[in-house]
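As provided, target21.txt (compact mmCIF, C-alpha atoms) reads as follows.
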# COMPACT_ATOMS: atom_id res chain seq x y z
CA MET Y 123 21.37 233.86 195.75
CA GLY Y 124 23.64 233.87 192.70
CA SER Y 125 22.87 230.24 191.88
CA LEU Y 126 19.15 230.74 192.34
CA ALA Y 127 19.13 233.79 190.07
CA GLY Y 128 21.24 231.93 187.49
CA ALA Y 129 18.85 228.98 187.51
CA LEU Y 130 15.82 231.23 187.15
CA LEU Y 131 17.30 233.35 184.35
CA THR Y 132 19.14 230.75 182.27
CA SER Y 133 16.49 230.38 179.59
CA ARG Y 134 16.20 234.16 179.21
CA MET Y 135 19.96 234.50 178.99
CA THR Y 136 20.26 231.79 176.34
CA ASP Y 137 17.54 233.62 174.38
CA TRP Y 138 19.46 236.90 174.66
CA PHE Y 139 23.06 235.75 174.21
CA GLY Y 140 22.79 232.25 172.77
CA VAL Y 141 23.50 228.87 174.32
CA GLY Y 142 27.19 228.74 173.39
CA PRO Y 143 28.02 232.22 174.68
CA VAL Y 144 26.26 231.52 178.00
CA ILE Y 145 28.32 228.35 178.44
CA ILE Y 146 31.55 230.13 177.52
CA ILE Y 147 30.84 233.19 179.68
CA GLY Y 148 29.99 230.89 182.58
CA PHE Y 149 33.35 229.17 182.26
CA ALA Y 150 35.21 232.48 181.70
CA VAL Y 151 33.79 234.18 184.80
CA SER Y 152 35.39 231.61 187.10
CA PRO Y 153 39.05 232.56 186.51
CA LEU Y 154 38.09 236.26 186.48
CA ALA Y 155 36.39 235.82 189.85
CA GLN Y 156 39.74 234.76 191.32
CA VAL Y 157 41.24 238.23 190.75
CA PRO Y 158 39.53 239.91 193.74
CA LEU Y 159 40.56 236.96 195.89
CA LEU Y 160 44.19 237.54 194.88
CA LEU Y 161 43.94 241.25 195.67
CA ALA Y 162 41.81 241.10 198.82
CA GLY Y 163 42.95 242.45 202.12
CA PRO Y 164 41.33 242.70 205.52
CA GLY Y 165 38.18 244.70 206.09
CA ARG Y 166 34.47 244.79 205.41
CA GLY Y 167 34.94 246.36 201.97
CA TRP Y 168 36.82 243.32 200.71
CA GLN Y 169 34.26 241.01 202.30
CA ILE Y 170 31.54 242.75 200.29
CA VAL Y 171 33.60 242.58 197.10
CA LEU Y 172 34.29 238.88 197.61
CA ALA Y 173 30.63 238.12 198.40
CA ALA Y 174 29.46 239.97 195.27
CA THR Y 175 32.11 238.22 193.17
CA LEU Y 176 31.06 234.82 194.49
CA ALA Y 177 27.40 235.61 193.76
CA ALA Y 178 28.30 236.57 190.18
CA GLN Y 179 30.46 233.48 189.78
CA LEU Y 180 27.68 231.21 191.06
CA PHE Y 181 25.14 232.97 188.82
CA TRP Y 182 27.18 232.31 185.67
CA ALA Y 183 28.32 228.84 186.76
CA THR Y 184 24.70 227.79 187.26
CA ALA Y 185 23.60 229.26 183.92
CA ALA Y 186 26.50 227.53 182.15
CA GLY Y 187 25.84 224.27 183.98
CA VAL Y 188 22.14 224.21 183.13
CA SER Y 189 22.92 225.07 179.49
CA GLN Y 190 25.66 222.50 178.99
CA ARG Y 191 23.74 219.72 180.74
CA THR Y 192 20.68 220.45 178.62
CA LEU Y 193 22.82 220.38 175.49
CA ARG Y 194 24.39 217.05 176.48
CA GLN Y 195 20.96 215.55 177.18
CA ILE Y 196 19.67 216.65 173.79
CA LEU Y 197 22.72 215.23 171.98
CA CYS Y 198 22.95 211.96 173.92
CA ALA Y 199 20.76 208.98 173.07
CA PRO Y 200 18.23 208.25 175.84
CA ALA Y 201 19.71 204.81 176.49
CA PHE Y 202 23.04 206.43 177.39
CA GLN Y 203 21.84 209.35 179.53
CA GLY Y 204 22.80 207.64 182.78
CA ARG Y 205 26.28 206.77 181.53
CA MET Y 206 26.79 210.26 180.16
CA GLN Y 207 25.89 211.86 183.48
CA ALA Y 208 27.94 209.34 185.43
CA VAL Y 209 31.03 210.03 183.33
CA SER Y 210 30.55 213.79 183.66
CA THR Y 211 30.15 213.58 187.42
CA THR Y 212 33.10 211.22 187.78
CA VAL Y 213 35.40 213.43 185.72
CA THR Y 214 34.44 216.66 187.49
CA ALA Y 215 34.12 215.36 191.05
CA GLY Y 216 36.92 212.84 190.64
CA SER Y 217 39.40 215.50 189.60
CA ARG Y 218 38.86 217.56 192.76
CA PRO Y 219 40.98 215.41 195.12
CA LEU Y 220 43.80 215.39 192.56
CA ALA Y 221 43.54 219.17 192.17
CA ALA Y 222 43.54 219.64 195.95
CA ALA Y 223 46.59 217.42 196.39
CA SER Y 224 48.38 219.22 193.54
CA ALA Y 225 47.57 222.62 195.05
CA GLY Y 226 48.81 221.43 198.44
CA ALA Y 227 52.06 220.19 196.93
CA LEU Y 228 52.48 223.43 195.00
CA ALA Y 229 51.89 225.40 198.21
CA LEU Y 230 54.97 223.72 199.66
CA VAL Y 231 57.02 225.44 196.96
CA LEU Y 232 55.07 228.66 196.31
CA ASP Y 233 53.12 231.01 198.53
CA VAL Y 234 49.31 230.79 198.67
CA PRO Y 235 48.60 233.75 196.34
CA ALA Y 236 50.87 232.19 193.70
CA VAL Y 237 49.05 228.86 193.99
CA LEU Y 238 45.70 230.65 193.64
CA ALA Y 239 47.03 232.45 190.55
CA VAL Y 240 48.14 229.15 189.02
CA GLY Y 241 44.67 227.74 189.69
CA ALA Y 242 43.04 230.75 188.04
CA LEU Y 243 45.29 230.41 185.00
CA LEU Y 244 44.47 226.71 184.67
CA GLN Y 245 40.77 227.58 184.66
CA ILE Y 246 41.35 229.41 181.37
CA VAL Y 247 42.06 226.11 179.56
CA PRO Y 248 38.38 225.03 179.31
CA VAL Y 249 37.46 228.51 178.06
CA LEU Y 250 40.04 228.24 175.27
CA LEU Y 251 38.80 224.76 174.34
CA LEU Y 252 35.21 226.00 174.19
CA LEU Y 253 36.21 229.01 172.08
CA ALA Y 254 37.89 226.65 169.61
CA SER Y 255 34.87 224.34 169.46
CA PRO Y 256 31.54 224.53 167.63
CA VAL Y 257 29.93 225.55 170.95
CA ARG Y 258 31.17 229.10 170.25
CA ALA Y 259 28.66 229.52 167.40
CA LEU Y 260 25.73 227.73 169.06
CA ARG Y 261 22.84 230.16 169.48
CA THR Y 262 19.90 227.82 170.13
CA MET Y 263 19.56 224.30 171.42
CA PRO Y 264 19.54 221.79 168.58
CA ALA Y 265 16.38 219.83 167.98
CA PRO Y 266 16.58 216.38 169.52
CA ALA Y 267 17.49 213.91 166.80
CA ALA Y 268 15.23 210.98 166.15
CA VAL Y 269 17.03 208.29 168.06
CA PRO Y 270 16.20 204.66 167.32
CA PRO Y 271 15.25 202.63 170.36
CA ALA Y 272 18.12 200.91 172.13
CA ARG Y 273 18.67 197.25 171.43
CA GLU Y 274 18.58 194.82 174.28
CA GLY Y 275 21.89 194.52 176.07
CA THR Y 276 23.32 197.86 174.84
CA SER Y 277 22.44 200.05 177.81
How does this structure look as C-alpha cells?
Amino acid sequence: MGSLAGALLTSRMTDWFGVGPVIIIGFAVSPLAQVPLLLAGPGRGWQIVLAATLAAQLFWATAAGVSQRTLRQILCAPAFQGRMQAVSTTVTAGSRPLAAASAGALALVLDVPAVLAVGALLQIVPVLLLLASPVRALRTMPAPAAVPPAREGTS
C-alpha cells in the first residue's frame, strides 16, 4: 500500500516539496525506518509499528525512485537510456549480494542488532552525498535538452 500511494502521489509531492527534496527525503527515511526495527520487541503493538514504518518507507522509496529515474531520463541522451538504466540496475542489484555477505560476516563478530545498526548508519551515506550535490536545490524537473540524434555505431 505504501508503494502504491507513493507512486500515485509522487507528482503532487514534487510540486509541493520539489524534486530534490523528495529524492533526499526518500533516501533519508530508509535509515530512520530502521530505528523501530532496532527497538522492536514481541507483541502485536510492535507488529503494527513495524508495518506502518515499512509502509512509510515504501511510500518515500517509491516517490524518490520515480523522481530520480525521471530526472535521469531527462538528463540522459535517448541513445544512452538503455545503458543508463542497465548501469543503475547493475550497481543497485549487484551490490546486494556483497552487502548480504558483508552483513553475514559482520554477524559472526557482532550481534544482529549491532549489524542492523551498522546497516542503518551506512544508509546515511547516500543522503549526505545528495545533500552535498546540486540535487538539494532542485525544485522542478529540468526541461529536456535538445539532444542531437545519435550517430551510427555510438549506441
- prompt: Between Y:Ala236, Y:Ala150, Y:Ile170, Y:Leu159, which has the minimum distance to Leu250 (chain Y) (counting all atoms listed in the file)?
  reply: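 Of Y:Ala236, Y:Ala150, Y:Ile170, Y:Leu159, the one nearest Leu250 (chain Y) is Y:Ala150, counting all atoms listed in the file.
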message: Residues near Ala265 (chain Y), anyone? I mean within 10 Å using only C-alpha atoms, not counting same-chain ones fewer than 6 positions away, as number ranges by chain.
response: Y: 193, 196-197
message: My list of candidates is Y:Gly142, Y:Pro219, Y:Gly128, Y:Pro235. Which is closest to Arg258 (chain Y) when distances are computed with only C-alpha atoms?
response: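 Residue with the minimum atom-to-atom distance to Arg258 (chain Y): Y:Gly142.
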message: Using Å and a single decimal, report how far CA of Thr132 (chain Y) sits from CA of Ala185 (chain Y).
response: 5.0 Å
- request: Find the residue from Y:Val151, Y:Ala186, Y:Leu176, Y:Val249 that sits nearest to Thr136 (chain Y); use all atoms listed in the file when measuring.
  value: Y:Ala186
field: Atom-to-atom span, CA of Gly167 (chain Y) and CA of Ala155 (chain Y), Å
entry: 16.1 Å
field: Long-range neighbours of Pro248 (chain Y) as a PyMOL selection string, 10 Å cut-off, all atoms listed in the file, 3 positions minimum in chain
entry: chain Y and resi 146+149-150+244-245+251-254
Would you list the contacts of Ala178 (chain Y) as a PDB file with C-alpha atoms, keeping the file's coordinate frame, taking every protein, DNA or RNA residue within 12 Å and counting only C-alpha atoms, but skipping same-chain residues closer than 5 positions in sequence?
ATOM      1  CA  MET Y 123      21.370 233.860 195.750  1.00  0.00           C
ATOM      2  CA  GLY Y 124      23.640 233.870 192.700  1.00  0.00           C
ATOM      3  CA  SER Y 125      22.870 230.240 191.880  1.00  0.00           C
ATOM      4  CA  LEU Y 126      19.150 230.740 192.340  1.00  0.00           C
ATOM      5  CA  ALA Y 127      19.130 233.790 190.070  1.00  0.00           C
ATOM      6  CA  GLY Y 128      21.240 231.930 187.490  1.00  0.00           C
ATOM      7  CA  ILE Y 147      30.840 233.190 179.680  1.00  0.00           C
ATOM      8  CA  GLY Y 148      29.990 230.890 182.580  1.00  0.00           C
ATOM      9  CA  PHE Y 149      33.350 229.170 182.260  1.00  0.00           C
ATOM     10  CA  ALA Y 150      35.210 232.480 181.700  1.00  0.00           C
ATOM     11  CA  VAL Y 151      33.790 234.180 184.800  1.00  0.00           C
ATOM     12  CA  SER Y 152      35.390 231.610 187.100  1.00  0.00           C
ATOM     13  CA  LEU Y 154      38.090 236.260 186.480  1.00  0.00           C
ATOM     14  CA  ALA Y 155      36.390 235.820 189.850  1.00  0.00           C
ATOM     15  CA  GLN Y 156      39.740 234.760 191.320  1.00  0.00           C
ATOM     16  CA  VAL Y 171      33.600 242.580 197.100  1.00  0.00           C
ATOM     17  CA  LEU Y 172      34.290 238.880 197.610  1.00  0.00           C
ATOM     18  CA  ALA Y 173      30.630 238.120 198.400  1.00  0.00           C
ATOM     19  CA  ALA Y 183      28.320 228.840 186.760  1.00  0.00           C
ATOM     20  CA  THR Y 184      24.700 227.790 187.260  1.00  0.00           C
ATOM     21  CA  ALA Y 185      23.600 229.260 183.920  1.00  0.00           C
TER      22      ALA Y 185
END
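Proximity of Y:Val234, Y:Ala225, Y:Val144, Y:Ala239 to Gly187 (chain Y), computed with all atoms listed in the file, is greatest for Y:Val144.
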task: Using all atoms listed in the file, find the one residue out of Y:Pro164, Y:Thr262, Y:Val188, Y:Pro143 that sits nearest to Leu130 (chain Y).
output: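 Once distances to Leu130 (chain Y) are computed over all atoms listed in the file, the minimum belongs to Y:Val188.
Across the model, the gap from CA of Pro153 (chain Y) to CA of Ala222 (chain Y) is 16.6 Å.
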message: I'd like to know which of Y:Ala177, Y:Ala162, Y:Leu260, Y:Val157 is closest to Leu243 (chain Y), using only C-alpha atoms.
response: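 Looking at the shortest contact to Leu243 (chain Y), the residue is Y:Val157.
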task: For Arg194 (chain Y), list every protein, DNA or RNA residue within 9 Å, evaluated using all atoms listed in the file, and leave out those in the same chain fewer than 4 positions away; present the list as a PyMOL selection string.
output: chain Y and resi 189-190+198+203+206-207
Could you add whatever atoms are missing so that region 164-177 of chain Y carries N, CA, C and O atoms, then write the result as a short mmCIF file (atom, residue, chain, number, x, y, z; two decimals), in the coordinates of the input?
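out-v3.cif written:
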data_model
loop_
_atom_site.label_atom_id
_atom_site.label_comp_id
_atom_site.auth_asym_id
_atom_site.auth_seq_id
_atom_site.Cartn_x
_atom_site.Cartn_y
_atom_site.Cartn_z
N PRO Y 164 42.29 242.74 204.42
CA PRO Y 164 41.33 242.70 205.52
C PRO Y 164 40.29 243.83 205.38
O PRO Y 164 40.51 244.81 204.67
N GLY Y 165 39.18 243.64 206.03
CA GLY Y 165 38.18 244.70 206.09
C GLY Y 165 36.86 244.33 205.44
O GLY Y 165 36.77 243.44 204.59
N ARG Y 166 35.83 245.04 205.88
CA ARG Y 166 34.47 244.79 205.41
C ARG Y 166 34.33 245.06 203.91
O ARG Y 166 33.59 244.38 203.21
N GLY Y 167 35.03 246.05 203.40
CA GLY Y 167 34.94 246.36 201.97
C GLY Y 167 35.31 245.17 201.11
O GLY Y 167 34.62 244.85 200.14
N TRP Y 168 36.41 244.49 201.47
CA TRP Y 168 36.82 243.32 200.71
C TRP Y 168 35.85 242.17 200.90
O TRP Y 168 35.63 241.37 199.98
N GLN Y 169 35.25 242.06 202.08
CA GLN Y 169 34.26 241.01 202.30
C GLN Y 169 33.07 241.21 201.36
O GLN Y 169 32.56 240.25 200.78
N ILE Y 170 32.65 242.45 201.19
CA ILE Y 170 31.54 242.75 200.29
C ILE Y 170 31.92 242.45 198.85
O ILE Y 170 31.14 241.84 198.10
N VAL Y 171 33.12 242.85 198.46
CA VAL Y 171 33.60 242.58 197.10
C VAL Y 171 33.65 241.07 196.84
O VAL Y 171 33.19 240.59 195.80
N LEU Y 172 34.19 240.33 197.79
CA LEU Y 172 34.29 238.88 197.61
C LEU Y 172 32.91 238.21 197.58
O LEU Y 172 32.69 237.29 196.79
N ALA Y 173 31.99 238.67 198.41
CA ALA Y 173 30.63 238.12 198.40
C ALA Y 173 29.94 238.41 197.06
O ALA Y 173 29.29 237.52 196.48
N ALA Y 174 30.08 239.62 196.56
CA ALA Y 174 29.46 239.97 195.27
C ALA Y 174 30.10 239.17 194.13
O ALA Y 174 29.40 238.71 193.22
N THR Y 175 31.41 239.00 194.20
CA THR Y 175 32.11 238.22 193.17
C THR Y 175 31.65 236.78 193.19
O THR Y 175 31.40 236.18 192.15
N LEU Y 176 31.52 236.20 194.38
CA LEU Y 176 31.06 234.82 194.49
C LEU Y 176 29.63 234.69 193.97
O LEU Y 176 29.31 233.73 193.26
N ALA Y 177 28.77 235.65 194.27
CA ALA Y 177 27.40 235.61 193.76
C ALA Y 177 27.39 235.64 192.23
O ALA Y 177 26.66 234.88 191.59
#
